[in-house]
Amino acid sequence: MLKFSRLLAQVISFAVFGVALAYFSNSPSYTYHDAEMALIMVSFSHSSERKEECRRFTPEEIAATAANMRRPMDCKRERVPVYIEVMLDGENLLSKSYNPTGLSKDGASSIYERITVKPGQHHLLVKLRDSGREEGFDYESDTTINIKAKELFVIDFRKELGGFYFKRDE
Amino acid sequence: MLALKKILRIGFEHVEDWFDIVFGAKWNPFYQLGALGWFYYWIVVVSGFYLYIFFDTGVTQAYQSLEYLTHEQWYAGGLMRSLHRYASDALVVMMMVHLLREFAMDRFRSPRWFAWFTGAPMLWLVFAAGISGYWMVWDQLAQYIAITTAEFLDALPIFGESIARNFLTDAKLSGRFFTLMVFMHIALPLFLLFVMWIHIQRHATPKVNPPKELAIATLSMLLILSFMKPALSQAPADLSIVPTTVNLDWFYMPIYPVMNNVSGLTVWILLIGATLLLMLVPWMPPGKRAAVAVVHLDNCNGCSRCAADCPFSAIDMEPRSDGSAYKLEAVVDASNCVSCGICVGSCPTATPFRTKSELSPGIELPDDKIKELREKTIAASSNLTGDDRVIVYGCQDSLDPAKLAEAKVGIVTMPCIGMLPPSFIDFVLSKKLADGVFLTGCRDGDCDFRLGIRWTDDRLAGERDPRIRKRVNQDRIGKYWAGMTRRKEFFKELTAFRLRLNKLESSQAEDKIKTNDSSEKIDA
């Protein structure tokens, strides 16, 4: 191969490599979320009630326990799952149970859900059950939201604040 | 897996043949993948240092500081940012091609497991370091990466509180987060450097620097690219808005769309499973291992040549254990020995001229004894006729004796051409076993055992012990490093060599006639 041809082929090789680097370092683009849609995030951690109610130890049981291990109540660690329902304009978008974390199932249940919705005005209803009851809900909240395309609307929950609260950006 | 490997190998060799023509064996990038990886790593480190000086770890300042570097200081900061990005991308390309190539060439078995095994965690470190860097820009791409990565991490049942919750609103984000990311982005590459250092520990004279010309060319390409298409940020991150379309760096983020569409736990299982599978590849069948080199102390004079020539640091020189007057003896570390036989080629006692005692050198391979090599040489020469009788010595991976039958030459193979002591060439020519000796092996610059071709060239050129004797006529030695694919060129070179031998014979015959004529005249 002639010296010039070799040099040219070398330049072309480097150019091809350079173009590949330049192109694939930010192309082709990827659509993560439809720009015409809004997003509702349900995200919170919540410790539900214990599966079994605490029981007071009898005096005999306390007496039979080593002095340094004595305590008045016997509480099993396991908690019940947190059950949640999200309704938008009467349509059920989410109904799911979340198990408590931890090997003994005694940690908080962690909820993190993405729900893509059409932008516009909607009636939002959220319900949560965190006790051992079979039916009904322990917390319930509703609101009217006006959400734009690409906008993020967050459904959070804090027991100490009274239950559900909704936020865009704080 | 064998078929896939063979297809890959042939594919690589054909592409590399073309690059050999264009770049030459010395500059062929495919023979410098590891070294180029190191080179790109250093570019990333140097450019990263510069960026670190100006990077601000505030929530809003992070983006602004990079915008300042990119637009206000485009000639230095912008250039460094682009170099940082493109060199990182090139590092991924080198790493992946290097991995695929070593797999195709079957260079991961026996003691080579170590480099392969330590290479697997490097993949995680390179990707984690690169992704943490994109995170720091805090543009919409960073926001997307932050959310997706956090969701991915949350899939592991080890975090009490969801990490992804930190990216729900801007109010939850603090400058401490960016400080953490800076720490990660420095700590991960530092740890990567440590693993890279471990990765090459079992290689004698590892290639960590590409040839100067190749380094200059690749750096020039990156500089031109950085000026022509500078790395830019996307729109600033805004947690109240969902990132919609993002421009991913596909070298680092091909897994991200998968993370968005498959459960996090599945992706974890896939990634960890693939990594473990990759790490176990050296022990997958067929895993036949040849017997390692053994030292015969009776014939070892402790000259250290074998230790100096071993490409895998498998030989140590230790104090004599047999009470001999020599100070040192060679000791083979079986866990590092790849049974290439290069140590045998370096041993001054591996000479075929020895006849009074049994031919047993100071070091040799039990499966390929030097005595057998002499017997094979004599046997190969027995059927040769004419004035261009040639013995071809070649390595097992490059020479297929069946395909060479038509060439009508004597063929002797060994694990690596570096196993051939130069005295064998002297032996063949001085004993008139053949008129010429032709050497072949892997392609120049890509010896399967790293240094076999280099040491052979040096020994024949008289630049490395054991040197070929001066009495050997170099015109009667030919060589062509053919590899698996260059059979046509190999025959062309062999034919040309034979023609040279014919001419040599003719001119020597003429000289002989002239000498006889002149002596007759003198007599008359």
# chains A, B, ... in the order shown; residues from 1 in each chain; ligands from 1
call {"tool": "residues_around", "arguments": {"residues": "Glu60 in chain A", "least_positions_apart": "4", "cutoff": "12 Å", "atoms": "only C-alpha atoms", "output": "VMD selection string"}}
result
chain A and resid 56 64 to 65 70 72
call {"tool": "write_last_selection", "arguments": {"atoms": "all heavy atoms", "output": "mmCIF file, in the first residue's frame"}}
result
data_model
loop_
_atom_site.group_PDB
_atom_site.id
_atom_site.type_symbol
_atom_site.label_atom_id
_atom_site.label_comp_id
_atom_site.auth_asym_id
_atom_site.auth_seq_id
_atom_site.Cartn_x
_atom_site.Cartn_y
_atom_site.Cartn_z
ATOM 1 N N ARG A 56 -50.617 -7.928 77.709
ATOM 2 C CA ARG A 56 -49.932 -7.661 78.980
ATOM 3 C C ARG A 56 -49.509 -8.999 79.603
ATOM 4 O O ARG A 56 -50.295 -9.947 79.647
ATOM 5 C CB ARG A 56 -50.877 -6.909 79.933
ATOM 6 C CG ARG A 56 -50.214 -6.447 81.213
ATOM 7 C CD ARG A 56 -51.086 -5.462 81.964
ATOM 8 N NE ARG A 56 -51.165 -4.161 81.321
ATOM 9 C CZ ARG A 56 -50.210 -3.233 81.419
ATOM 10 N NH1 ARG A 56 -49.105 -3.458 82.135
ATOM 11 N NH2 ARG A 56 -50.347 -2.080 80.802
ATOM 12 N N ALA A 64 -41.522 -15.360 86.234
ATOM 13 C CA ALA A 64 -40.718 -16.457 85.660
ATOM 14 C C ALA A 64 -39.607 -15.947 84.741
ATOM 15 O O ALA A 64 -38.744 -16.697 84.309
ATOM 16 C CB ALA A 64 -41.629 -17.394 84.873
ATOM 17 N N THR A 65 -39.635 -14.638 84.438
ATOM 18 C CA THR A 65 -38.622 -14.059 83.536
ATOM 19 C C THR A 65 -37.459 -13.534 84.360
ATOM 20 O O THR A 65 -37.652 -13.074 85.496
ATOM 21 C CB THR A 65 -39.254 -12.893 82.730
ATOM 22 O OG1 THR A 65 -40.493 -13.332 82.195
ATOM 23 C CG2 THR A 65 -38.335 -12.450 81.596
ATOM 24 N N ARG A 70 -37.295 -8.397 82.278
ATOM 25 C CA ARG A 70 -38.734 -8.223 82.540
ATOM 26 C C ARG A 70 -39.284 -6.987 81.835
ATOM 27 O O ARG A 70 -38.636 -5.941 81.799
ATOM 28 C CB ARG A 70 -38.977 -8.093 84.047
ATOM 29 C CG ARG A 70 -38.883 -9.435 84.718
ATOM 30 C CD ARG A 70 -39.012 -9.335 86.212
ATOM 31 N NE ARG A 70 -38.732 -10.641 86.809
ATOM 32 C CZ ARG A 70 -38.488 -10.816 88.089
ATOM 33 N NH1 ARG A 70 -38.486 -9.787 88.920
ATOM 34 N NH2 ARG A 70 -38.259 -12.014 88.556
ATOM 35 N N PRO A 72 -43.462 -5.207 80.715
ATOM 36 C CA PRO A 72 -44.890 -5.424 80.996
ATOM 37 C C PRO A 72 -45.660 -6.015 79.824
ATOM 38 O O PRO A 72 -46.642 -6.718 80.029
ATOM 39 C CB PRO A 72 -45.399 -4.018 81.313
ATOM 40 C CG PRO A 72 -44.446 -3.093 80.633
ATOM 41 C CD PRO A 72 -43.122 -3.783 80.614
#
call {"tool": "residues_around", "arguments": {"residues": "range 40-55 of chain A", "least_positions_apart": "3", "cutoff": "9 Å", "atoms": "only C-alpha atoms", "output": "number ranges by chain"}}
result
A: 72-82, 86, 100, 106-117, 129-132, 151-159; B: 160-162, 164-165, 168
call {"tool": "interface_residues", "arguments": {"of": "chain A", "to": "chain B", "cutoff": "6 Å", "atoms": "only C-alpha atoms", "output": "PDB file with C-alpha atoms, in the first residue's frame"}}
result
ATOM      1  CA  ARG A   6      -1.946   4.248   4.152  1.00  0.00           C
ATOM      2  CA  PHE A  24     -23.353   7.450  20.264  1.00  0.00           C
ATOM      3  CA  SER A  25     -22.284   9.669  23.172  1.00  0.00           C
ATOM      4  CA  ASN A  26     -25.679  11.414  22.928  1.00  0.00           C
ATOM      5  CA  SER A  27     -27.724   9.832  20.144  1.00  0.00           C
ATOM      6  CA  SER A  29     -32.460  10.024  21.866  1.00  0.00           C
ATOM      7  CA  TYR A  30     -34.606   7.950  24.176  1.00  0.00           C
ATOM      8  CA  THR A  31     -38.150   8.745  25.234  1.00  0.00           C
ATOM      9  CA  TYR A  32     -38.548   8.060  28.906  1.00  0.00           C
ATOM     10  CA  HIS A  33     -41.924   9.706  29.339  1.00  0.00           C
ATOM     11  CA  ALA A  35     -44.396  14.527  26.576  1.00  0.00           C
ATOM     12  CA  LYS A 150     -44.939  16.505  31.851  1.00  0.00           C
ATOM     13  CA  GLU A 151     -45.885  17.733  35.315  1.00  0.00           C
ATOM     14  CA  LEU A 152     -45.148  15.596  38.359  1.00  0.00           C
ATOM     15  CA  ASP A 169     -42.843  21.142  44.196  1.00  0.00           C
ATOM     16  CA  GLU A 170     -42.322  22.490  47.691  1.00  0.00           C
TER      17      GLU A 170
END
call {"tool": "select_by_dssp", "arguments": {"residues": "range 8-149 of chain A", "states": "alpha helix (DSSP H)", "output": "CSV table (one decimal) with all heavy atoms, in the first residue's frame"}}
result
chain,number,residue,atom,x,y,z
A,8,LEU,N,-4.0,8.1,4.4
A,8,LEU,CA,-5.4,8.4,4.2
A,8,LEU,C,-6.3,7.4,4.9
A,8,LEU,O,-7.3,7.8,5.6
A,8,LEU,CB,-5.7,8.4,2.7
A,8,LEU,CG,-7.1,8.9,2.3
A,8,LEU,CD1,-7.2,10.4,2.6
A,8,LEU,CD2,-7.3,8.7,0.9
A,9,ALA,N,-5.9,6.1,4.8
A,9,ALA,CA,-6.7,5.1,5.5
A,9,ALA,C,-6.7,5.2,7.0
A,9,ALA,O,-7.7,5.0,7.7
A,9,ALA,CB,-6.2,3.7,5.0
A,10,GLN,N,-5.5,5.6,7.5
A,10,GLN,CA,-5.4,5.9,8.9
A,10,GLN,C,-6.3,7.0,9.4
A,10,GLN,O,-7.0,6.9,10.4
A,10,GLN,CB,-3.9,6.2,9.3
A,10,GLN,CG,-3.0,5.0,9.3
A,10,GLN,CD,-1.6,5.3,9.5
A,10,GLN,OE1,-1.2,6.4,10.0
A,10,GLN,NE2,-0.7,4.4,9.2
A,11,VAL,N,-6.3,8.1,8.6
A,11,VAL,CA,-7.1,9.2,8.9
A,11,VAL,C,-8.6,8.8,8.9
A,11,VAL,O,-9.3,9.2,9.8
A,11,VAL,CB,-6.8,10.4,8.0
A,11,VAL,CG1,-7.8,11.5,8.2
A,11,VAL,CG2,-5.4,10.9,8.2
A,12,ILE,N,-8.9,8.1,7.9
A,12,ILE,CA,-10.3,7.7,7.8
A,12,ILE,C,-10.7,6.8,9.0
A,12,ILE,O,-11.8,6.9,9.6
A,12,ILE,CB,-10.6,6.9,6.4
A,12,ILE,CG1,-10.5,7.9,5.3
A,12,ILE,CG2,-11.9,6.2,6.4
A,12,ILE,CD1,-10.4,7.3,3.9
A,13,SER,N,-9.8,5.9,9.4
A,13,SER,CA,-10.1,5.0,10.5
A,13,SER,C,-10.4,5.8,11.8
A,13,SER,O,-11.3,5.6,12.5
A,13,SER,CB,-8.9,4.0,10.8
A,13,SER,OG,-8.7,3.3,9.6
A,14,PHE,N,-9.5,6.8,12.0
A,14,PHE,CA,-9.7,7.6,13.2
A,14,PHE,C,-10.9,8.4,13.1
A,14,PHE,O,-11.6,8.7,14.1
A,14,PHE,CB,-8.4,8.5,13.4
A,14,PHE,CG,-7.3,7.8,14.2
A,14,PHE,CD1,-6.1,7.6,13.6
A,14,PHE,CD2,-7.5,7.5,15.5
A,14,PHE,CE1,-5.1,6.9,14.2
A,14,PHE,CE2,-6.5,6.8,16.2
A,14,PHE,CZ,-5.3,6.5,15.6
A,15,ALA,N,-11.2,8.9,11.9
A,15,ALA,CA,-12.4,9.7,11.7
A,15,ALA,C,-13.7,8.9,12.0
A,15,ALA,O,-14.6,9.4,12.7
A,15,ALA,CB,-12.4,10.3,10.3
A,16,VAL,N,-13.7,7.7,11.5
A,16,VAL,CA,-14.8,6.8,11.7
A,16,VAL,C,-15.0,6.6,13.3
A,16,VAL,O,-16.1,6.7,13.8
A,16,VAL,CB,-14.7,5.5,11.0
A,16,VAL,CG1,-15.7,4.4,11.5
A,16,VAL,CG2,-14.8,5.7,9.5
A,17,PHE,N,-13.9,6.3,13.9
A,17,PHE,CA,-14.0,6.1,15.4
A,17,PHE,C,-14.5,7.4,16.1
A,17,PHE,O,-15.4,7.3,17.0
A,17,PHE,CB,-12.6,5.7,15.9
A,17,PHE,CG,-12.5,5.3,17.4
A,17,PHE,CD1,-13.5,4.6,17.9
A,17,PHE,CD2,-11.5,5.7,18.1
A,17,PHE,CE1,-13.5,4.3,19.3
A,17,PHE,CE2,-11.4,5.4,19.5
A,17,PHE,CZ,-12.4,4.7,20.1
A,18,GLY,N,-14.0,8.5,15.7
A,18,GLY,CA,-14.4,9.8,16.3
A,18,GLY,C,-15.9,10.1,16.0
A,18,GLY,O,-16.6,10.5,16.9
A,19,VAL,N,-16.3,9.8,14.8
A,19,VAL,CA,-17.7,10.1,14.5
A,19,VAL,C,-18.6,9.1,15.3
A,19,VAL,O,-19.7,9.6,15.9
A,19,VAL,CB,-18.0,9.9,13.0
A,19,VAL,CG1,-19.5,9.8,12.7
A,19,VAL,CG2,-17.3,11.0,12.2
A,20,ALA,N,-18.2,7.9,15.5
A,20,ALA,CA,-19.0,6.9,16.3
A,20,ALA,C,-19.0,7.4,17.7
A,20,ALA,O,-20.1,7.3,18.4
A,20,ALA,CB,-18.3,5.5,16.2
A,21,LEU,N,-17.9,7.9,18.2
A,21,LEU,CA,-17.9,8.4,19.6
A,21,LEU,C,-18.8,9.6,19.8
A,21,LEU,O,-19.6,9.6,20.7
A,21,LEU,CB,-16.5,8.8,20.0
A,21,LEU,CG,-15.4,7.8,20.3
A,21,LEU,CD1,-14.1,8.4,20.7
A,21,LEU,CD2,-15.9,6.8,21.4
A,22,ALA,N,-18.7,10.5,18.8
A,22,ALA,CA,-19.5,11.7,18.9
A,22,ALA,C,-21.0,11.4,18.8
A,22,ALA,O,-21.8,11.9,19.5
A,22,ALA,CB,-19.1,12.7,17.8
A,23,TYR,N,-21.4,10.5,17.9
A,23,TYR,CA,-22.8,10.1,17.7
A,23,TYR,C,-23.4,9.4,18.9
A,23,TYR,O,-24.4,9.8,19.5
A,23,TYR,CB,-22.9,9.3,16.4
A,23,TYR,CG,-24.4,9.0,16.1
A,23,TYR,CD1,-25.3,10.0,15.6
A,23,TYR,CD2,-24.9,7.7,16.4
A,23,TYR,CE1,-26.6,9.7,15.4
A,23,TYR,CE2,-26.3,7.5,16.1
A,23,TYR,CZ,-27.1,8.5,15.7
A,23,TYR,OH,-28.4,8.2,15.5
A,24,PHE,N,-22.7,8.3,19.2
A,24,PHE,CA,-23.4,7.4,20.3
A,24,PHE,C,-23.2,8.0,21.7
A,24,PHE,O,-23.8,7.5,22.6
A,24,PHE,CB,-22.8,6.0,20.2
A,24,PHE,CG,-23.3,5.3,19.0
A,24,PHE,CD1,-22.4,5.0,17.9
A,24,PHE,CD2,-24.6,4.9,18.9
A,24,PHE,CE1,-22.9,4.3,16.8
A,24,PHE,CE2,-25.1,4.2,17.7
A,24,PHE,CZ,-24.2,3.9,16.7
A,59,PRO,N,-48.6,-11.6,86.0
A,59,PRO,CA,-47.6,-11.5,87.1
A,59,PRO,C,-46.8,-12.8,87.1
A,59,PRO,O,-45.6,-12.7,87.4
A,59,PRO,CB,-48.4,-11.3,88.3
A,59,PRO,CG,-49.7,-10.7,87.9
A,59,PRO,CD,-50.0,-11.3,86.5
A,60,GLU,N,-47.4,-14.0,86.9
A,60,GLU,CA,-46.7,-15.2,86.9
A,60,GLU,C,-45.6,-15.2,85.8
A,60,GLU,O,-44.5,-15.7,86.1
A,60,GLU,CB,-47.6,-16.4,86.7
A,60,GLU,CG,-48.6,-16.7,87.9
A,60,GLU,CD,-49.8,-15.7,87.8
A,60,GLU,OE1,-50.0,-15.1,86.7
A,60,GLU,OE2,-50.4,-15.4,88.9
A,61,GLU,N,-46.0,-14.8,84.7
A,61,GLU,CA,-45.0,-14.8,83.5
A,61,GLU,C,-43.9,-13.8,83.8
A,61,GLU,O,-42.7,-14.2,83.5
A,61,GLU,CB,-45.7,-14.4,82.2
A,61,GLU,CG,-46.6,-15.5,81.6
A,61,GLU,CD,-47.4,-15.0,80.4
A,61,GLU,OE1,-47.9,-13.8,80.5
A,61,GLU,OE2,-47.5,-15.8,79.5
A,62,ILE,N,-44.2,-12.7,84.4
A,62,ILE,CA,-43.1,-11.7,84.7
A,62,ILE,C,-42.2,-12.3,85.8
A,62,ILE,O,-41.0,-12.2,85.7
A,62,ILE,CB,-43.7,-10.4,85.2
A,62,ILE,CG1,-44.5,-9.7,84.0
A,62,ILE,CG2,-42.7,-9.4,85.8
A,62,ILE,CD1,-45.3,-8.5,84.4
A,63,ALA,N,-42.8,-13.0,86.8
A,63,ALA,CA,-42.0,-13.6,87.8
A,63,ALA,C,-41.0,-14.7,87.3
A,63,ALA,O,-39.9,-14.8,87.8
A,63,ALA,CB,-42.9,-14.1,88.9
A,64,ALA,N,-41.5,-15.4,86.2
A,64,ALA,CA,-40.7,-16.5,85.7
A,64,ALA,C,-39.6,-15.9,84.7
A,64,ALA,O,-38.7,-16.7,84.3
A,64,ALA,CB,-41.6,-17.4,84.9
call {"tool": "select_by_dssp", "arguments": {"residues": "chain A", "states": "strand (DSSP E or B)", "output": "ChimeraX atom specification"}}
result
/A:29-31,38-46,50,55-56,73-74,79,82-88,91-98,100,109-117,120-129,139-147,151-158,163-167
call {"tool": "residues_around", "arguments": {"residues": "range 104-107 of chain B", "least_positions_apart": "5", "cutoff": "9 Å", "atoms": "only C-alpha atoms", "output": "list in words"}}
result
Leu4, Lys5, Lys6, Ile7, Leu8, Arg9, Ile10, Phe12, Leu99, Arg112, Trp113, Trp116, Pro282, Asp448 and Phe449 of chain B
call {"tool": "atom_distance", "arguments": {"atom1": "CA of Leu91 in chain B", "atom2": "CA of Phe39 in chain B"}}
result
8.5 Å
